[in-house]
>>> print(open('upload.csv').read())   # CSV, C-alpha atoms
chain,number,residue,atom,x,y,z
A,1393,MET,CA,-9.5,21.4,16.2
A,1394,SER,CA,-5.8,21.9,16.9
A,1395,LYS,CA,-3.3,20.1,14.8
A,1396,ASN,CA,-2.2,17.6,17.5
A,1397,THR,CA,-5.6,16.5,18.5
A,1398,LEU,CA,-7.0,15.9,15.0
A,1399,PHE,CA,-6.6,12.1,15.2
A,1400,ASN,CA,-8.2,11.8,18.7
A,1401,ASN,CA,-11.7,12.4,17.3
A,1402,THR,CA,-13.1,8.8,17.6
A,1403,LYS,CA,-16.7,9.8,16.7
A,1404,THR,CA,-15.5,10.7,13.2
A,1405,ALA,CA,-13.0,7.8,13.1
A,1406,PHE,CA,-15.5,5.1,13.8
A,1407,SER,CA,-18.7,6.7,12.4
A,1408,LEU,CA,-19.2,3.9,9.9
A,1409,LYS,CA,-18.8,1.1,12.4
A,1410,SER,CA,-21.8,-0.4,14.1
A,1411,ASP,CA,-21.4,-1.4,17.8
A,1412,SER,CA,-20.9,-5.1,16.8
A,1413,GLN,CA,-18.2,-4.1,14.3
A,1414,LEU,CA,-16.5,-2.0,16.9
A,1415,GLU,CA,-16.5,-5.0,19.3
A,1416,ARG,CA,-15.0,-7.2,16.7
A,1417,ALA,CA,-12.3,-4.7,16.0
A,1418,TYR,CA,-11.6,-4.6,19.7
A,1419,PHE,CA,-11.4,-8.4,19.9
A,1420,LEU,CA,-9.0,-8.6,16.9
A,1421,PHE,CA,-6.6,-5.9,18.0
A,1422,LYS,CA,-6.5,-7.4,21.5
A,1423,MET,CA,-5.5,-10.8,19.9
A,1424,ILE,CA,-3.0,-9.2,17.6
A,1425,SER,CA,-1.4,-7.3,20.5
A,1426,LYS,CA,-0.2,-10.7,22.0
A,1427,GLU,CA,2.8,-11.9,20.0
A,1428,PRO,CA,2.7,-15.6,21.1
A,1429,LEU,CA,-1.0,-15.7,20.1
A,1430,VAL,CA,-0.1,-14.3,16.6
A,1431,ARG,CA,2.6,-16.8,16.1
A,1432,ILE,CA,0.4,-19.8,17.2
A,1433,GLY,CA,-2.6,-18.4,15.3
A,1434,THR,CA,-0.7,-18.0,12.0
A,1435,ALA,CA,0.9,-21.5,12.3
A,1436,VAL,CA,-2.5,-23.1,13.0
A,1437,THR,CA,-4.2,-21.1,10.2
A,1438,LYS,CA,-1.5,-22.1,7.6
A,1439,PHE,CA,-1.9,-25.7,8.7
A,1440,ALA,CA,-5.7,-25.6,8.6
A,1441,ILE,CA,-5.7,-24.1,5.1
A,1442,ASN,CA,-3.1,-26.4,3.7
A,1443,ALA,CA,-4.9,-29.4,5.2
A,1444,SER,CA,-8.2,-28.1,3.6
A,1445,LEU,CA,-9.9,-28.0,7.0
A,1446,PRO,CA,-13.2,-26.1,7.0
A,1447,VAL,CA,-11.9,-22.9,8.5
A,1448,GLU,CA,-12.8,-20.4,5.8
A,1449,GLY,CA,-16.1,-19.4,7.4
A,1450,LEU,CA,-14.3,-18.6,10.7
A,1451,ILE,CA,-11.5,-16.7,8.9
A,1452,ARG,CA,-14.0,-14.8,6.8
A,1453,SER,CA,-16.2,-13.7,9.7
A,1454,THR,CA,-13.2,-12.4,11.7
A,1455,VAL,CA,-9.8,-11.3,10.3
A,1456,PHE,CA,-10.9,-11.4,6.6
A,1457,ASP,CA,-14.0,-9.2,7.0
A,1458,HIS,CA,-12.1,-6.7,9.1
A,1459,PHE,CA,-9.1,-6.3,6.8
A,1460,CYS,CA,-10.5,-7.2,3.4
A,1461,GLY,CA,-13.3,-5.9,1.2
A,1462,GLY,CA,-14.5,-9.3,-0.1
A,1463,VAL,CA,-13.6,-12.2,-2.4
A,1464,ASN,CA,-14.2,-10.2,-5.7
A,1465,GLU,CA,-14.7,-6.6,-6.9
A,1466,GLU,CA,-18.5,-6.7,-6.7
A,1467,ASP,CA,-18.2,-7.9,-3.1
A,1468,CYS,CA,-16.2,-4.7,-2.2
A,1469,LEU,CA,-18.8,-2.2,-3.5
A,1470,PRO,CA,-20.8,-1.8,-0.3
A,1471,ALA,CA,-17.5,-0.9,1.6
A,1472,ILE,CA,-16.4,1.4,-1.2
A,1473,GLU,CA,-19.6,3.3,-1.4
A,1474,LYS,CA,-20.0,3.5,2.4
A,1475,MET,CA,-16.5,5.0,2.9
A,1476,TYR,CA,-17.0,7.4,0.0
A,1477,THR,CA,-20.0,9.0,1.9
A,1478,LYS,CA,-17.3,10.2,4.4
A,1479,GLY,CA,-15.0,11.4,1.6
A,1480,VAL,CA,-12.6,8.4,1.7
A,1481,SER,CA,-11.8,6.8,-1.7
A,1482,SER,CA,-10.7,3.2,-2.2
A,1483,VAL,CA,-7.8,1.5,-3.9
A,1484,LEU,CA,-8.8,-2.0,-4.9
A,1485,ASP,CA,-5.9,-4.3,-4.1
A,1486,TYR,CA,-6.0,-7.8,-5.6
A,1487,SER,CA,-3.9,-9.3,-2.8
A,1488,VAL,CA,-3.0,-12.6,-4.3
A,1489,GLU,CA,0.7,-13.3,-4.1
A,1490,GLY,CA,3.5,-15.7,-5.3
A,1491,LYS,CA,2.2,-16.8,-8.7
A,1492,GLU,CA,4.6,-18.3,-11.2
A,1493,SER,CA,2.9,-19.3,-14.5
A,1494,GLU,CA,2.2,-17.3,-17.7
A,1495,ALA,CA,-1.5,-18.1,-17.4
A,1496,GLN,CA,-1.6,-16.7,-13.9
A,1497,PHE,CA,0.2,-13.5,-15.0
A,1498,ASP,CA,-2.3,-13.1,-17.9
A,1499,ASP,CA,-5.2,-13.7,-15.4
A,1500,ALA,CA,-3.7,-11.0,-13.1
A,1501,LEU,CA,-3.5,-8.6,-16.1
A,1502,LYS,CA,-7.2,-9.2,-17.0
A,1503,LYS,CA,-8.1,-8.6,-13.3
A,1504,ILE,CA,-6.2,-5.3,-13.1
A,1505,LEU,CA,-7.6,-4.1,-16.4
A,1506,LYS,CA,-11.1,-5.0,-15.1
A,1507,ILE,CA,-10.4,-2.9,-12.0
A,1508,VAL,CA,-9.2,0.1,-14.3
A,1509,ASP,CA,-12.7,-0.1,-16.0
A,1510,PHE,CA,-14.3,-0.3,-12.6
A,1511,CYS,CA,-12.4,2.8,-11.5
A,1512,ASP,CA,-13.4,4.6,-14.6
A,1513,GLU,CA,-17.1,4.2,-13.7
A,1514,ARG,CA,-16.8,5.4,-10.1
A,1515,ASP,CA,-15.6,8.7,-8.5
A,1516,SER,CA,-15.0,6.7,-5.3
A,1517,MET,CA,-12.1,4.8,-7.0
A,1518,PRO,CA,-9.5,7.1,-8.6
A,1519,ILE,CA,-6.5,4.7,-8.2
A,1520,VAL,CA,-5.5,1.2,-9.1
A,1521,VAL,CA,-2.6,-0.8,-7.8
A,1522,PHE,CA,-0.5,-3.9,-8.7
A,1523,LYS,CA,2.8,-5.6,-7.7
A,1524,PRO,CA,5.5,-6.1,-10.3
A,1525,THR,CA,5.5,-9.8,-9.6
A,1526,ALA,CA,1.8,-10.0,-10.4
A,1527,PHE,CA,2.9,-9.7,-14.1
A,1528,GLY,CA,6.2,-11.8,-14.1
A,1529,ARG,CA,8.4,-14.2,-12.3
A,1530,PHE,CA,10.4,-12.9,-9.3
A,1531,TYR,CA,13.5,-14.7,-10.8
A,1532,LEU,CA,13.4,-12.6,-13.9
A,1533,TYR,CA,13.4,-9.3,-12.0
A,1534,GLU,CA,16.2,-10.7,-9.8
A,1535,LYS,CA,18.3,-11.7,-12.8
A,1536,LYS,CA,17.9,-8.4,-14.5
A,1537,SER,CA,18.6,-6.5,-11.2
A,1538,GLU,CA,21.9,-8.3,-11.0
A,1539,GLY,CA,22.7,-7.4,-14.6
A,1540,ILE,CA,22.8,-11.0,-15.7
A,1541,GLN,CA,22.0,-11.5,-19.4
A,1542,LEU,CA,18.7,-13.3,-20.0
A,1543,SER,CA,18.5,-16.3,-22.2
A,1544,PRO,CA,16.5,-15.8,-25.5
A,1545,GLU,CA,13.5,-17.6,-23.9
A,1546,GLU,CA,13.7,-15.5,-20.8
A,1547,GLN,CA,14.0,-12.3,-22.9
A,1548,GLU,CA,10.8,-13.3,-24.6
A,1549,GLU,CA,9.2,-13.8,-21.2
A,1550,TRP,CA,10.4,-10.4,-20.0
A,1551,ASP,CA,9.1,-8.7,-23.2
A,1552,ARG,CA,5.6,-10.1,-22.2
A,1553,VAL,CA,6.1,-8.6,-18.6
A,1554,VAL,CA,6.9,-5.2,-20.2
A,1555,GLU,CA,3.8,-5.5,-22.5
A,1556,ARG,CA,1.5,-6.2,-19.5
A,1557,PHE,CA,2.9,-3.1,-17.8
A,1558,HIS,CA,2.2,-1.1,-20.9
A,1559,ASN,CA,-1.4,-2.5,-21.2
A,1560,VAL,CA,-2.3,-1.3,-17.7
A,1561,CYS,CA,-0.5,2.1,-17.9
A,1562,ARG,CA,-2.0,2.8,-21.3
A,1563,ALA,CA,-5.5,2.0,-20.2
A,1564,SER,CA,-5.0,4.0,-17.0
A,1565,LYS,CA,-3.9,7.0,-18.9
A,1566,GLU,CA,-6.8,6.8,-21.4
A,1567,LYS,CA,-9.3,6.6,-18.4
A,1568,ASP,CA,-7.4,9.1,-16.2
A,1569,VAL,CA,-6.9,6.5,-13.4
A,1570,GLU,CA,-3.7,6.7,-11.4
A,1571,VAL,CA,-1.8,3.5,-11.1
A,1572,LEU,CA,0.4,2.6,-8.1
A,1573,ILE,CA,3.1,0.0,-8.6
A,1574,ASP,CA,4.1,-1.6,-5.3
A,1575,GLY,CA,7.7,-2.0,-4.1
A,1576,GLU,CA,9.1,-5.5,-3.3
A,1577,GLU,CA,12.4,-7.0,-2.1
A,1578,SER,CA,15.5,-5.0,-2.7
A,1579,TRP,CA,17.3,-7.7,-4.8
A,1580,MET,CA,14.6,-7.5,-7.5
A,1581,GLN,CA,13.7,-3.8,-7.2
A,1582,THR,CA,16.3,-2.3,-9.6
A,1583,ALA,CA,14.7,-4.1,-12.6
A,1584,ALA,CA,11.2,-3.0,-11.3
A,1585,ASP,CA,12.4,0.6,-10.8
A,1586,ASP,CA,13.9,0.8,-14.3
A,1587,LEU,CA,10.7,-0.6,-15.8
A,1588,VAL,CA,8.4,1.8,-13.9
A,1589,GLU,CA,10.6,4.7,-14.9
A,1590,ASP,CA,10.1,3.7,-18.6
A,1591,MET,CA,6.4,3.8,-17.9
A,1592,MET,CA,6.6,7.2,-16.4
A,1593,ARG,CA,8.5,8.5,-19.4
A,1594,ALA,CA,5.8,7.1,-21.7
A,1595,TYR,CA,2.7,8.0,-19.7
A,1596,ASN,CA,3.5,10.8,-17.3
A,1597,THR,CA,4.0,13.5,-20.0
A,1598,GLU,CA,1.3,15.9,-18.7
A,1599,LYS,CA,0.8,14.7,-15.2
A,1600,ALA,CA,1.6,11.7,-13.0
A,1601,ILE,CA,-0.5,8.7,-13.9
A,1602,VAL,CA,2.2,6.0,-13.1
A,1603,TYR,CA,3.5,5.9,-9.5
A,1604,ASN,CA,6.5,3.9,-8.3
A,1605,THR,CA,6.9,3.0,-4.6
A,1606,LEU,CA,9.7,4.3,-2.4
A,1607,GLN,CA,10.4,2.0,0.6
A,1608,LEU,CA,12.1,4.4,3.0
A,1609,TYR,CA,13.4,1.9,5.5
A,1610,ARG,CA,16.1,1.5,2.8
A,1611,TRP,CA,18.8,4.1,3.4
A,1612,ASP,CA,19.6,4.5,-0.4
A,1613,ARG,CA,16.1,5.5,-1.5
A,1614,LEU,CA,16.3,9.3,-1.0
A,1615,ASP,CA,19.4,9.4,-3.3
A,1616,TYR,CA,17.6,7.3,-5.9
A,1617,LEU,CA,14.6,9.7,-5.8
A,1618,LYS,CA,16.9,12.8,-6.3
A,1619,GLU,CA,18.6,11.1,-9.3
A,1620,LEU,CA,15.2,10.2,-10.8
A,1621,HIS,CA,14.1,13.8,-10.3
A,1622,LYS,CA,17.1,15.0,-12.4
A,1623,ARG,CA,16.3,12.5,-15.2
A,1624,ALA,CA,12.6,13.5,-15.1
A,1625,LYS,CA,13.5,17.2,-15.5
A,1626,ALA,CA,15.9,16.5,-18.3
A,1627,ASN,CA,13.4,14.3,-20.1
A,1628,ASN,CA,10.2,16.2,-19.4
A,1629,PHE,CA,8.2,13.7,-17.5
A,1630,LYS,CA,6.4,13.9,-14.2
A,1631,ILE,CA,7.1,11.5,-11.3
A,1632,GLY,CA,4.5,9.7,-9.3
A,1633,MET,CA,5.7,8.3,-6.0
A,1634,LYS,CA,4.0,6.3,-3.3
A,1635,ILE,CA,6.1,6.5,-0.1
A,1636,VAL,CA,6.0,3.8,2.6
A,1637,ARG,CA,8.3,2.7,5.4
A,1638,GLY,CA,8.5,-0.9,4.0
A,1639,ALA,CA,7.2,-4.4,4.5
A,1640,TYR,CA,10.1,-6.9,4.2
A,1641,MET,CA,12.5,-5.9,6.9
A,1642,GLU,CA,13.2,-9.2,8.6
A,1643,LYS,CA,13.6,-10.9,5.2
A,1644,GLU,CA,16.0,-8.2,4.0
A,1645,ARG,CA,18.2,-8.3,7.0
A,1646,ALA,CA,18.3,-12.1,7.1
A,1647,ARG,CA,19.4,-12.3,3.5
A,1648,ALA,CA,22.0,-9.6,3.9
A,1649,GLU,CA,23.5,-11.5,6.8
A,1650,GLU,CA,23.4,-14.9,5.1
A,1651,MET,CA,25.0,-13.6,1.9
A,1652,SER,CA,27.5,-11.2,3.7
A,1653,TYR,CA,26.5,-7.9,2.2
A,1654,ALA,CA,25.6,-4.6,3.9
A,1655,SER,CA,21.9,-4.6,4.9
A,1656,PRO,CA,19.9,-2.2,2.7
A,1657,ILE,CA,17.7,-1.4,5.7
A,1658,CYS,CA,18.2,1.6,8.1
A,1659,GLU,CA,19.8,0.5,11.3
A,1660,THR,CA,17.0,1.8,13.6
A,1661,LYS,CA,13.3,2.7,13.5
A,1662,ALA,CA,14.3,6.4,14.4
A,1663,ILE,CA,16.6,6.6,11.3
A,1664,THR,CA,13.8,5.1,9.1
A,1665,ASP,CA,11.3,7.7,10.5
A,1666,ASP,CA,13.8,10.5,9.6
A,1667,ASN,CA,14.4,9.0,6.2
A,1668,PHE,CA,10.6,8.8,5.6
A,1669,ASN,CA,10.0,12.4,6.8
A,1670,ASN,CA,12.9,13.7,4.7
A,1671,GLY,CA,11.5,11.9,1.6
A,1672,LEU,CA,8.1,13.4,2.3
A,1673,THR,CA,9.5,16.9,2.7
A,1674,TYR,CA,11.6,16.6,-0.5
A,1675,ILE,CA,8.6,15.6,-2.6
A,1676,LEU,CA,6.2,18.2,-1.2
A,1677,LYS,CA,8.8,20.9,-1.8
A,1678,ASN,CA,8.9,19.7,-5.4
A,1679,ASN,CA,5.2,19.4,-5.7
A,1680,LEU,CA,5.0,20.6,-9.3
A,1681,ASP,CA,7.3,17.8,-10.5
A,1682,ILE,CA,6.4,15.0,-8.2
A,1683,SER,CA,3.0,13.7,-7.1
A,1684,ILE,CA,2.8,11.8,-3.8
A,1685,PHE,CA,0.8,9.1,-2.2
A,1686,ILE,CA,1.7,9.1,1.5
A,1687,GLY,CA,1.2,5.5,2.6
A,1688,THR,CA,1.5,5.7,6.4
A,1689,HIS,CA,-0.1,4.9,9.7
A,1690,ASN,CA,2.3,7.2,11.5
A,1691,GLU,CA,0.5,10.2,13.0
A,1692,HIS,CA,3.6,12.3,13.3
A,1693,SER,CA,4.4,11.9,9.5
A,1694,CYS,CA,0.8,13.0,8.7
A,1695,TYR,CA,1.1,16.1,10.9
A,1696,LEU,CA,4.3,16.9,9.2
A,1697,ALA,CA,2.7,16.6,5.8
A,1698,ILE,CA,-0.2,18.9,6.9
A,1699,SER,CA,2.2,21.6,8.2
A,1700,ILE,CA,4.4,21.5,5.1
A,1701,MET,CA,1.3,21.8,2.8
A,1702,LYS,CA,0.2,24.8,4.9
A,1703,GLU,CA,3.6,26.4,4.8
A,1704,LEU,CA,3.8,26.0,1.0
A,1705,SER,CA,0.2,26.9,0.3
A,1706,ILE,CA,-0.6,23.5,-1.2
A,1707,SER,CA,-4.3,23.1,-1.3
A,1708,LYS,CA,-5.8,20.2,0.8
A,1709,SER,CA,-7.6,19.0,-2.4
A,1710,ASP,CA,-4.5,19.2,-4.6
A,1711,ASN,CA,-4.6,16.0,-6.6
A,1712,ASN,CA,-0.8,15.8,-6.4
A,1713,VAL,CA,-1.1,14.9,-2.7
A,1714,TRP,CA,-2.9,11.8,-1.4
A,1715,PHE,CA,-2.8,10.1,2.0
A,1716,GLY,CA,-3.4,6.4,2.2
A,1717,GLN,CA,-4.0,3.8,4.9
A,1718,LEU,CA,-5.0,0.1,4.9
A,1719,TYR,CA,-8.6,-0.9,5.3
A,1720,GLY,CA,-9.3,-2.0,8.8
A,1721,MET,CA,-6.5,0.0,10.3
A,1722,SER,CA,-5.9,3.7,11.4
A,1723,ASP,CA,-9.4,4.8,10.7
A,1724,HIS,CA,-8.7,7.7,13.1
A,1725,ILE,CA,-6.2,9.0,10.5
A,1726,SER,CA,-8.2,8.3,7.4
A,1727,PHE,CA,-11.6,9.6,8.4
A,1728,ASN,CA,-10.4,12.6,10.3
A,1729,LEU,CA,-8.1,13.7,7.4
A,1730,ALA,CA,-11.0,13.2,4.9
A,1731,GLU,CA,-13.3,15.3,7.1
A,1732,GLN,CA,-10.8,18.1,7.0
A,1733,GLY,CA,-10.9,18.0,3.2
A,1734,TYR,CA,-7.6,16.1,2.4
A,1735,ASN,CA,-7.4,13.5,-0.4
A,1736,VAL,CA,-7.6,10.1,1.4
A,1737,ALA,CA,-7.7,6.6,0.0
A,1738,LYS,CA,-8.0,3.2,1.8
A,1739,TYR,CA,-6.2,0.2,0.3
A,1740,LEU,CA,-9.0,-2.3,0.1
A,1741,PRO,CA,-7.6,-5.9,-0.4
A,1742,PHE,CA,-9.7,-8.6,-1.9
A,1743,GLY,CA,-9.4,-12.1,-3.3
A,1744,PRO,CA,-10.3,-15.7,-2.5
A,1745,VAL,CA,-9.9,-16.3,1.3
A,1746,LYS,CA,-7.2,-18.9,0.8
A,1747,ASP,CA,-5.2,-16.8,-1.6
A,1748,VAL,CA,-5.3,-13.7,0.6
A,1749,MET,CA,-4.1,-15.5,3.7
A,1750,PRO,CA,-0.3,-14.6,3.1
A,1751,TYR,CA,-1.4,-10.9,3.1
A,1752,LEU,CA,-3.5,-11.3,6.2
A,1753,ILE,CA,-0.7,-13.1,8.1
A,1754,ARG,CA,1.8,-10.4,7.2
A,1755,ARG,CA,-0.7,-7.7,8.5
A,1756,ALA,CA,-1.0,-9.5,11.8
A,1757,GLU,CA,2.8,-10.0,12.2
A,1758,GLU,CA,3.4,-6.4,11.2
A,1759,ASN,CA,0.9,-5.1,13.7
A,1760,THR,CA,2.6,-7.1,16.4
A,1761,SER,CA,6.0,-5.9,15.5
A,1762,VAL,CA,5.2,-2.1,15.2
A,1763,ALA,CA,5.5,-1.0,18.8
A,1764,GLY,CA,2.5,1.1,19.9
A,1765,GLN,CA,0.5,0.6,16.7
A,1766,THR,CA,-1.9,-1.9,18.1
A,1767,ASN,CA,-2.1,-0.3,21.5
A,1768,ARG,CA,-3.1,3.0,19.9
A,1769,GLU,CA,-5.9,1.2,17.9
A,1770,LEU,CA,-7.1,-0.4,21.2
A,1771,GLU,CA,-7.0,2.9,23.1
A,1772,LEU,CA,-9.1,4.6,20.5
A,1773,ILE,CA,-11.6,1.8,20.3
A,1774,LYS,CA,-12.0,1.9,24.1
A,1775,THR,CA,-12.5,5.6,24.0
A,1776,GLU,CA,-15.2,5.3,21.3
A,1777,ARG,CA,-17.0,2.5,23.3
A,1778,LYS,CA,-17.0,4.7,26.3
A,1779,ARG,CA,-18.3,7.7,24.3
A,1780,ARG,CA,-21.2,5.6,22.9
A,1781,LYS,CA,-22.2,4.3,26.3
A,1782,LEU,CA,-22.4,7.9,27.6
>>> encode(input="upload.csv", output="structure tokens")
Amino acid sequence: MSKNTLFNNTKTAFSLKSDSQLERAYFLFKMISKEPLVRIGTAVTKFAINASLPVEGLIRSTVFDHFCGGVNEEDCLPAIEKMYTKGVSSVLDYSVEGKESEAQFDDALKKILKIVDFCDERDSMPIVVFKPTAFGRFYLYEKKSEGIQLSPEEQEEWDRVVERFHNVCRASKEKDVEVLIDGEESWMQTAADDLVEDMMRAYNTEKAIVYNTLQLYRWDRLDYLKELHKRAKANNFKIGMKIVRGAYMEKERARAEEMSYASPICETKAITDDNFNNGLTYILKNNLDISIFIGTHNEHSCYLAISIMKELSISKSDNNVWFGQLYGMSDHISFNLAEQGYNVAKYLPFGPVKDVMPYLIRRAEENTSVAGQTNRELELIKTERKRRKL
């Protein structure tokens, strides 16, 4: 199969979907493609959930089941094992956001440690993930990022955040499970970056266990990566890096404008794409020092990675290179790459329906705003429906 037709193979892409699941996917992406519908739908859904109206069943049988693995880890097992029959691994993503209390942070820690154990028992789950704010208040990261001295109480609180990070990274290293730490808003990210770098120093001595996230819609990230690379070489540790375009663009631009500072976001989508592809190229060219998890739904970036790997004789199964997409999206990328022998993992979100709603709403809004993404999904589903009828 020639390089540029790899992702058109719908038989492979949708091999795990029954006819009824294919129809549901078609219906969902059709809805998501209409921006006014997404706006109204998200507003109505937020209202219904806040007013405790009985909509969970409806949400569960439509959006939730398409984009999420279930309400708990055990719930996700059928999806995990099914995908693994096609060579696609899973990254269990506990998608509960915006918590504030110490008890909630401790609960999140228990949950992530449980997932590390879960990963240890299964070949289908080599990777675990968490967000920095799952383990500590956004406000603390923000204050540290701005270089403001923490009060003695806050310092104690921060020490507990650091300890939670150590707990997860230590357990991951012991069990040889890779841990991805998600990127968040730019004004708290410096503190998160510094903390993750400390974890890399401690746990990435032989190979990359701990991965930070590079959001490449930020124009300053490639320079950050190059500086980190210098420090890693000087201090003998490996870098793990998940690269994504980014998820908080509107929020970032609005805050920059409101507070009169230069936006950290690239001016155009084309510049972001170039930045992403340059980051990708830099990492693959330094494959012995930096492991990469390529988080993208962009076909061009995947083709670029494939051609660089070929050019540099990086094996398809080299554990330093993983491709990742979200569950329920871009199956034409995930399953076709896996069939060719590349390392592929799907992010599989889970959690109570009500708690996962912010994640689902962001997915719907993101799909609407990325030009062409939803249309491509629809076009592929239509092709597969036609193929099955014939």
>>> residues_around(input="upload.csv", residues="Leu1729 in chain A", least_positions_apart="2", cutoff="10 Å", atoms="all atoms listed in the file", output="list in words")
Leu1398, Phe1399, Thr1404, Ala1405, Gly1479, Val1480, Cys1694, Ile1698, Lys1708, Phe1715, Asp1723, His1724, Ile1725, Ser1726, Phe1727, Glu1731, Gln1732, Gly1733, Tyr1734, Asn1735 and Val1736 of chain A
>>> residues_around(input="upload.csv", residues="Glu1644 in chain A", least_positions_apart="6", cutoff="8 Å", atoms="all atoms listed in the file", output="list in words")
Glu1577, Ser1578, Ser1655, Pro1656 and Ile1657 of chain A
>>> residues_around(input="upload.csv", residues="Leu1587 in chain A", least_positions_apart="6", cutoff="10 Å", atoms="all atoms listed in the file", output="list in words")
Pro1524, Tyr1533, Val1553, Val1554, Phe1557, His1558, Gln1581 and Asn1604 of chain A
>>> atom_distance(input="upload.csv", atom1="CA of Thr1605 in chain A", atom2="CA of Leu1772 in chain A")
29.8 Å
>>> residues_around(input="upload.csv", residues="Val1521 in chain A", least_positions_apart="3", cutoff="12 Å", atoms="only C-alpha atoms", output="PyMOL selection string")
chain A and resi 1482-1487+1500-1501+1503-1508+1511+1517-1518+1524+1526+1557+1560-1561+1564+1569-1575+1601-1605+1634+1685+1737-1741
>>> atom_distance(input="upload.csv", atom1="CA of Leu1696 in chain A", atom2="CA of Asp1612 in chain A")
21.9 Å
>>> atom_distance(input="upload.csv", atom1="CA of Leu1429 in chain A", atom2="CA of Val1745 in chain A")
20.8 Å
>>> closest_residue(input="upload.csv", among="A:Phe1497, A:Ala1662, A:Tyr1695, A:Ser1425", to="Lys1523 in chain A", atoms="all atoms listed in the file")
A:Phe1497
>>> residues_near_point(input="upload.csv", point="(-15.0, -9.9, -3.7)", cutoff="10 Å", atoms="all atoms listed in the file", output="PyMOL selection string")
chain A and resi 1460-1469+1486+1741-1745
>>> closest_residue(input="upload.csv", among="A:Trp1714, A:Tyr1616, A:Trp1579, A:Trp1611", to="Arg1647 in chain A", atoms="all atoms listed in the file")
A:Trp1579
